[in-house]
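query.txt follows; it contains compact mmCIF, C-alpha atoms.
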# COMPACT_ATOMS: atom_id res chain seq x y z
CA MET L 18 -92.17 -34.61 -11.05
CA THR L 19 -88.94 -33.94 -9.16
CA THR L 20 -87.96 -30.66 -7.57
CA TYR L 21 -84.28 -31.43 -7.20
CA GLY L 22 -82.14 -28.42 -8.11
CA THR L 23 -85.02 -25.97 -8.42
CA ILE L 24 -85.04 -22.61 -6.77
CA PRO L 25 -87.93 -22.07 -4.36
CA ALA L 26 -90.46 -19.48 -5.51
CA GLU L 27 -90.33 -17.63 -2.20
CA LEU L 28 -87.22 -17.20 -0.08
CA PRO L 29 -87.63 -17.10 3.69
CA ARG L 30 -87.89 -13.55 4.99
CA PRO L 31 -85.64 -12.42 7.83
CA SER L 32 -87.25 -11.63 11.14
CA TRP L 33 -87.18 -7.90 11.80
CA SER L 34 -88.41 -8.18 15.38
CA MET L 35 -84.86 -7.90 16.70
CA VAL L 36 -84.27 -4.76 14.66
CA ALA L 37 -87.54 -3.25 15.90
CA ARG L 38 -86.60 -4.00 19.51
CA ALA L 39 -83.13 -2.51 19.04
CA ARG L 40 -84.64 0.60 17.48
CA GLU L 41 -87.12 0.97 20.34
CA HIS L 42 -84.34 0.51 22.91
CA LEU L 43 -82.15 3.07 21.15
CA GLY L 44 -85.07 5.52 21.09
CA THR L 45 -85.53 5.07 24.82
CA ILE L 46 -81.84 5.67 25.47
CA LEU L 47 -81.69 8.75 23.25
CA GLY L 48 -84.88 10.02 24.85
CA SER L 49 -83.08 10.18 28.20
CA ARG L 50 -80.53 12.72 27.03
CA ARG L 51 -80.57 16.27 28.35
CA LYS L 52 -81.05 19.39 26.27
CA TRP L 53 -77.85 20.45 24.55
CA HIS L 54 -78.61 24.05 25.51
CA ASP L 55 -78.47 23.07 29.21
CA MET L 56 -75.18 21.30 28.64
CA ILE L 57 -73.47 24.16 26.84
CA LYS L 58 -74.32 27.22 28.92
CA ILE L 59 -71.36 29.58 28.62
CA HIS L 60 -72.20 31.44 31.85
CA SER L 61 -72.14 28.12 33.75
CA LEU L 62 -68.48 27.44 32.98
CA ASN L 63 -65.80 28.40 35.49
CA LEU L 64 -62.90 26.94 37.43
CA PRO L 65 -63.75 24.92 40.54
CA PRO L 66 -62.45 26.51 43.77
CA ASN L 67 -60.88 23.31 45.13
CA VAL L 68 -60.27 19.63 44.38
CA ASN L 69 -63.31 18.42 46.32
CA GLU L 70 -65.59 20.71 44.34
CA ALA L 71 -63.93 19.56 41.10
CA ALA L 72 -64.60 15.90 41.96
CA ARG L 73 -68.20 16.69 42.94
CA ARG L 74 -68.79 18.57 39.69
CA ILE L 75 -67.41 15.73 37.58
CA GLN L 76 -69.52 13.17 39.42
CA THR L 77 -72.74 15.24 39.26
CA ASN L 78 -72.28 16.18 35.62
CA ALA L 79 -71.49 12.57 34.70
CA VAL L 80 -74.81 11.43 36.21
CA PHE L 81 -76.82 14.33 34.82
CA PHE L 82 -75.37 14.40 31.28
CA LYS L 83 -74.45 10.70 30.90
CA THR L 84 -76.35 10.13 27.64
CA ASN L 85 -75.05 13.38 26.18
CA TYR L 86 -71.52 12.39 27.15
CA VAL L 87 -71.88 9.02 25.43
CA ILE L 88 -73.07 10.80 22.28
CA VAL L 89 -70.14 13.24 22.44
CA VAL L 90 -67.58 10.45 22.89
CA ALA L 91 -69.13 8.41 20.05
CA LEU L 92 -69.18 11.44 17.75
CA LEU L 93 -65.56 12.34 18.52
CA LEU L 94 -64.54 8.71 18.04
CA PHE L 95 -66.28 8.69 14.66
CA LEU L 96 -64.64 11.98 13.64
CA THR L 97 -61.25 10.62 14.69
CA LEU L 98 -61.83 7.50 12.62
CA LEU L 99 -62.80 9.60 9.60
CA LEU L 100 -59.16 10.67 9.48
CA HIS L 101 -58.27 6.98 9.10
CA PRO L 102 -60.70 5.55 6.52
CA VAL L 103 -59.11 2.09 6.49
CA SER L 104 -59.76 1.77 10.22
CA LEU L 105 -63.33 2.94 9.70
CA ILE L 106 -63.87 0.30 7.00
CA ILE L 107 -62.38 -2.44 9.21
CA ILE L 108 -64.62 -1.42 12.10
CA ALA L 109 -67.66 -1.41 9.79
CA ILE L 110 -66.80 -4.95 8.68
CA ILE L 111 -66.43 -6.10 12.29
CA ILE L 112 -69.71 -4.46 13.32
CA GLY L 113 -71.40 -6.01 10.29
CA ALA L 114 -70.07 -9.45 11.24
CA TRP L 115 -71.36 -9.07 14.80
CA LEU L 116 -74.74 -7.82 13.60
CA LEU L 117 -75.21 -10.53 11.01
CA GLN L 118 -73.87 -13.49 12.95
CA TYR L 119 -74.88 -12.78 16.51
CA ILE L 120 -77.27 -9.91 17.14
CA LEU L 121 -79.74 -10.15 14.23
CA ARG L 122 -79.81 -13.95 14.00
CA ASP L 123 -82.98 -15.45 15.50
CA HIS L 124 -82.21 -19.06 14.62
CA PRO L 125 -79.03 -21.09 15.11
CA LEU L 126 -76.34 -20.97 12.42
CA SER L 127 -76.20 -24.13 10.35
CA ILE L 128 -73.34 -24.97 7.97
CA TYR L 129 -73.76 -28.15 5.90
CA GLY L 130 -76.25 -29.47 8.43
CA PHE L 131 -73.95 -28.86 11.38
CA VAL L 132 -75.55 -26.49 13.92
CA ILE L 133 -73.17 -24.01 15.55
CA ASP L 134 -74.21 -22.76 18.98
CA ARG L 135 -74.12 -19.13 20.13
CA SER L 136 -71.13 -19.56 22.44
CA THR L 137 -69.00 -20.76 19.51
CA ILE L 138 -70.14 -17.78 17.43
CA ILE L 139 -69.26 -15.39 20.27
CA THR L 140 -65.86 -16.99 20.71
CA VAL L 141 -65.01 -16.84 17.01
CA LEU L 142 -66.24 -13.26 16.65
CA THR L 143 -64.32 -12.16 19.75
CA LEU L 144 -61.09 -13.79 18.58
CA PHE L 145 -61.58 -12.31 15.11
CA THR L 146 -62.17 -8.83 16.56
CA ILE L 147 -59.13 -9.02 18.86
CA ALA L 148 -56.90 -10.32 16.06
CA VAL L 149 -57.97 -7.60 13.65
CA PHE L 150 -57.58 -4.87 16.26
CA PHE L 151 -54.06 -5.90 17.21
CA LEU L 152 -52.83 -6.78 13.71
CA THR L 153 -53.86 -3.40 12.30
CA ASP L 154 -53.70 0.19 13.56
CA VAL L 155 -57.40 0.13 14.42
CA MET L 156 -56.76 -0.25 18.14
CA ASN L 157 -54.48 2.80 18.24
CA ASN L 158 -57.02 4.87 16.33
CA ILE L 159 -59.87 3.77 18.58
CA MET L 160 -57.87 4.51 21.73
CA THR L 161 -56.95 7.95 20.37
CA GLY L 162 -60.62 8.71 19.68
CA PHE L 163 -61.76 7.49 23.09
CA LEU L 164 -59.02 9.42 24.90
CA PHE L 165 -59.91 12.57 22.99
CA GLY L 166 -63.62 12.08 23.75
CA PHE L 167 -63.06 11.31 27.43
CA THR L 168 -60.78 14.35 27.75
CA VAL L 169 -63.49 16.62 26.34
CA VAL L 170 -66.10 15.05 28.65
CA LEU L 171 -63.82 15.33 31.67
CA LEU L 172 -63.07 18.98 30.95
CA HIS L 173 -66.76 19.75 30.52
CA GLY L 174 -67.59 17.95 33.77
CA LEU L 175 -64.83 19.85 35.54
CA PHE L 176 -65.74 23.34 34.33
CA ARG L 177 -69.56 23.06 34.18
CA THR L 178 -71.11 24.29 37.44
CA THR L 179 -73.88 22.20 38.92
CA ASP L 180 -75.80 24.96 40.71
CA ASP L 181 -78.47 25.31 38.01
CA LEU L 182 -78.95 21.58 37.38
CA SER L 183 -82.27 20.27 38.64
CA THR L 184 -81.36 16.91 40.11
CA GLY L 185 -84.83 16.24 41.49
CA ASP L 186 -85.59 13.73 38.73
CA GLU L 187 -82.29 11.91 39.15
CA LYS L 188 -82.38 8.72 41.23
CA ASP L 189 -79.04 9.25 42.92
CA VAL L 190 -76.51 11.96 42.21
CA SER L 191 -73.84 10.12 44.17
CA GLY L 192 -73.40 7.82 41.18
CA SER L 193 -74.58 4.55 42.66
CA GLN L 194 -77.57 4.30 40.30
CA CYS L 195 -75.83 5.31 37.06
Spell out the structure here as structure tokens.
Amino acid sequence: MTTYGTIPAELPRPSWSMVARAREHLGTILGSRRKWHDMIKIHSLNLPPNVNEAARRIQTNAVFFKTNYVIVVALLLFLTLLLHPVSLIIIAIIIGAWLLQYILRDHPLSIYGFVIDRSTIITVLTLFTIAVFFLTDVMNNIMTGFLFGFTVVLLHGLFRTTDDLSTGDEKDVSGSQC
């Protein structure tokens, strides 16, 4: 009895170990964020007295609230992209391509028996991403979102006093261990 042209009874299942590791890593990163209440204390906002104090505040707040700042920038970038749904769809397609072809793939890609190595996949995905970003308005929309997010973060770091921040659990407030 031949089995040529038959569909196998059981399809191979994808490995979810990479997804589980990514989820665990994301949980660890999000677990390092500070309380939002500590970040947004109204009585802790005032103008710095001089430029040196302003630079020190920005540096200390960047170390202390780094995870919160990343969340704020990502949220503002997402909200900016919501105003441009085509850009959001293009970015979702690009992220999906990266996830499917590079990040979630445990075994090498094989097309018609020809095995494609990871460096080729990275090169193709990078060129595809750059081409799409520059041939559409996605790059402008992303830069607008990042600039808006970084402006908000910079202003918060400038105006938020650091007197009530407990830096005892930080490794190095000078920024060398960010």
Can you pull out every residue within 9 Å of region 133-142 of chain L, counting only C-alpha atoms, but drop anything in the same chain fewer than 3 positions away, and send it as a ChimeraX atom specification? /L:111,114-115,118-119,125-128,145-147
If we count all atoms listed in the file, what is near Val89 (chain L) at a cut-off of 8 Å, once residues fewer than 4 positions away on the same chain are taken out, given as a PyMOL selection string? chain L and resi 85+93+166+170
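One distance worth recording is that between CA of Val103 (chain L) and CA of Gly162 (chain L), which is 14.8 Å.
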One-decimal distance in Å that lies between CA of Leu171 (chain L) and CA of Ala79 (chain L):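 Pair CA of Ala79 (chain L) / CA of Leu171 (chain L) returns 8.7 Å.
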Between CA of Glu41 (chain L) and CA of Thr77 (chain L) lies a distance of 27.7 Å
Non-local contacts of region 55-66 of chain L (12 Å; all atoms listed in the file; under 4 positions in same chain excluded) as a PDB file with C-alpha atoms, keeping the file's coordinate frame:
ATOM      1  CA  ARG L  50     -80.530  12.720  27.030  1.00  0.00           C
ATOM      2  CA  ARG L  51     -80.570  16.270  28.350  1.00  0.00           C
ATOM      3  CA  GLU L  70     -65.590  20.710  44.340  1.00  0.00           C
ATOM      4  CA  ALA L  71     -63.930  19.560  41.100  1.00  0.00           C
ATOM      5  CA  ALA L  72     -64.600  15.900  41.960  1.00  0.00           C
ATOM      6  CA  ARG L  73     -68.200  16.690  42.940  1.00  0.00           C
ATOM      7  CA  ARG L  74     -68.790  18.570  39.690  1.00  0.00           C
ATOM      8  CA  ILE L  75     -67.410  15.730  37.580  1.00  0.00           C
ATOM      9  CA  ASN L  78     -72.280  16.180  35.620  1.00  0.00           C
ATOM     10  CA  ALA L  79     -71.490  12.570  34.700  1.00  0.00           C
ATOM     11  CA  PHE L  81     -76.820  14.330  34.820  1.00  0.00           C
ATOM     12  CA  PHE L  82     -75.370  14.400  31.280  1.00  0.00           C
ATOM     13  CA  LYS L  83     -74.450  10.700  30.900  1.00  0.00           C
ATOM     14  CA  THR L  84     -76.350  10.130  27.640  1.00  0.00           C
ATOM     15  CA  ASN L  85     -75.050  13.380  26.180  1.00  0.00           C
ATOM     16  CA  TYR L  86     -71.520  12.390  27.150  1.00  0.00           C
ATOM     17  CA  VAL L  89     -70.140  13.240  22.440  1.00  0.00           C
ATOM     18  CA  VAL L 170     -66.100  15.050  28.650  1.00  0.00           C
ATOM     19  CA  LEU L 172     -63.070  18.980  30.950  1.00  0.00           C
ATOM     20  CA  HIS L 173     -66.760  19.750  30.520  1.00  0.00           C
ATOM     21  CA  GLY L 174     -67.590  17.950  33.770  1.00  0.00           C
ATOM     22  CA  LEU L 175     -64.830  19.850  35.540  1.00  0.00           C
ATOM     23  CA  PHE L 176     -65.740  23.340  34.330  1.00  0.00           C
ATOM     24  CA  ARG L 177     -69.560  23.060  34.180  1.00  0.00           C
ATOM     25  CA  THR L 178     -71.110  24.290  37.440  1.00  0.00           C
ATOM     26  CA  THR L 179     -73.880  22.200  38.920  1.00  0.00           C
ATOM     27  CA  ASP L 180     -75.800  24.960  40.710  1.00  0.00           C
ATOM     28  CA  ASP L 181     -78.470  25.310  38.010  1.00  0.00           C
ATOM     29  CA  LEU L 182     -78.950  21.580  37.380  1.00  0.00           C
ATOM     30  CA  SER L 183     -82.270  20.270  38.640  1.00  0.00           C
TER      31      SER L 183
END
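Ranking L:Val155, L:Trp53, L:Val149, L:Leu116 by their shortest atom-to-atom distance to Pro102 (chain L), with all atoms listed in the file included, puts L:Val155 first.
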Option closest in space to Leu164 (chain L), from L:Leu105, L:Phe151, L:Thr97, L:Asn67 [counting only C-alpha atoms]: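 Of the candidates, the smallest distance to Leu164 (chain L) is held by L:Thr97.
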Best match for closeness to Thr161 (chain L) among L:Ala109, L:His101, L:Val132, L:Leu144, counting only C-alpha atoms: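 Result for the nearest residue to Thr161 (chain L): L:His101.
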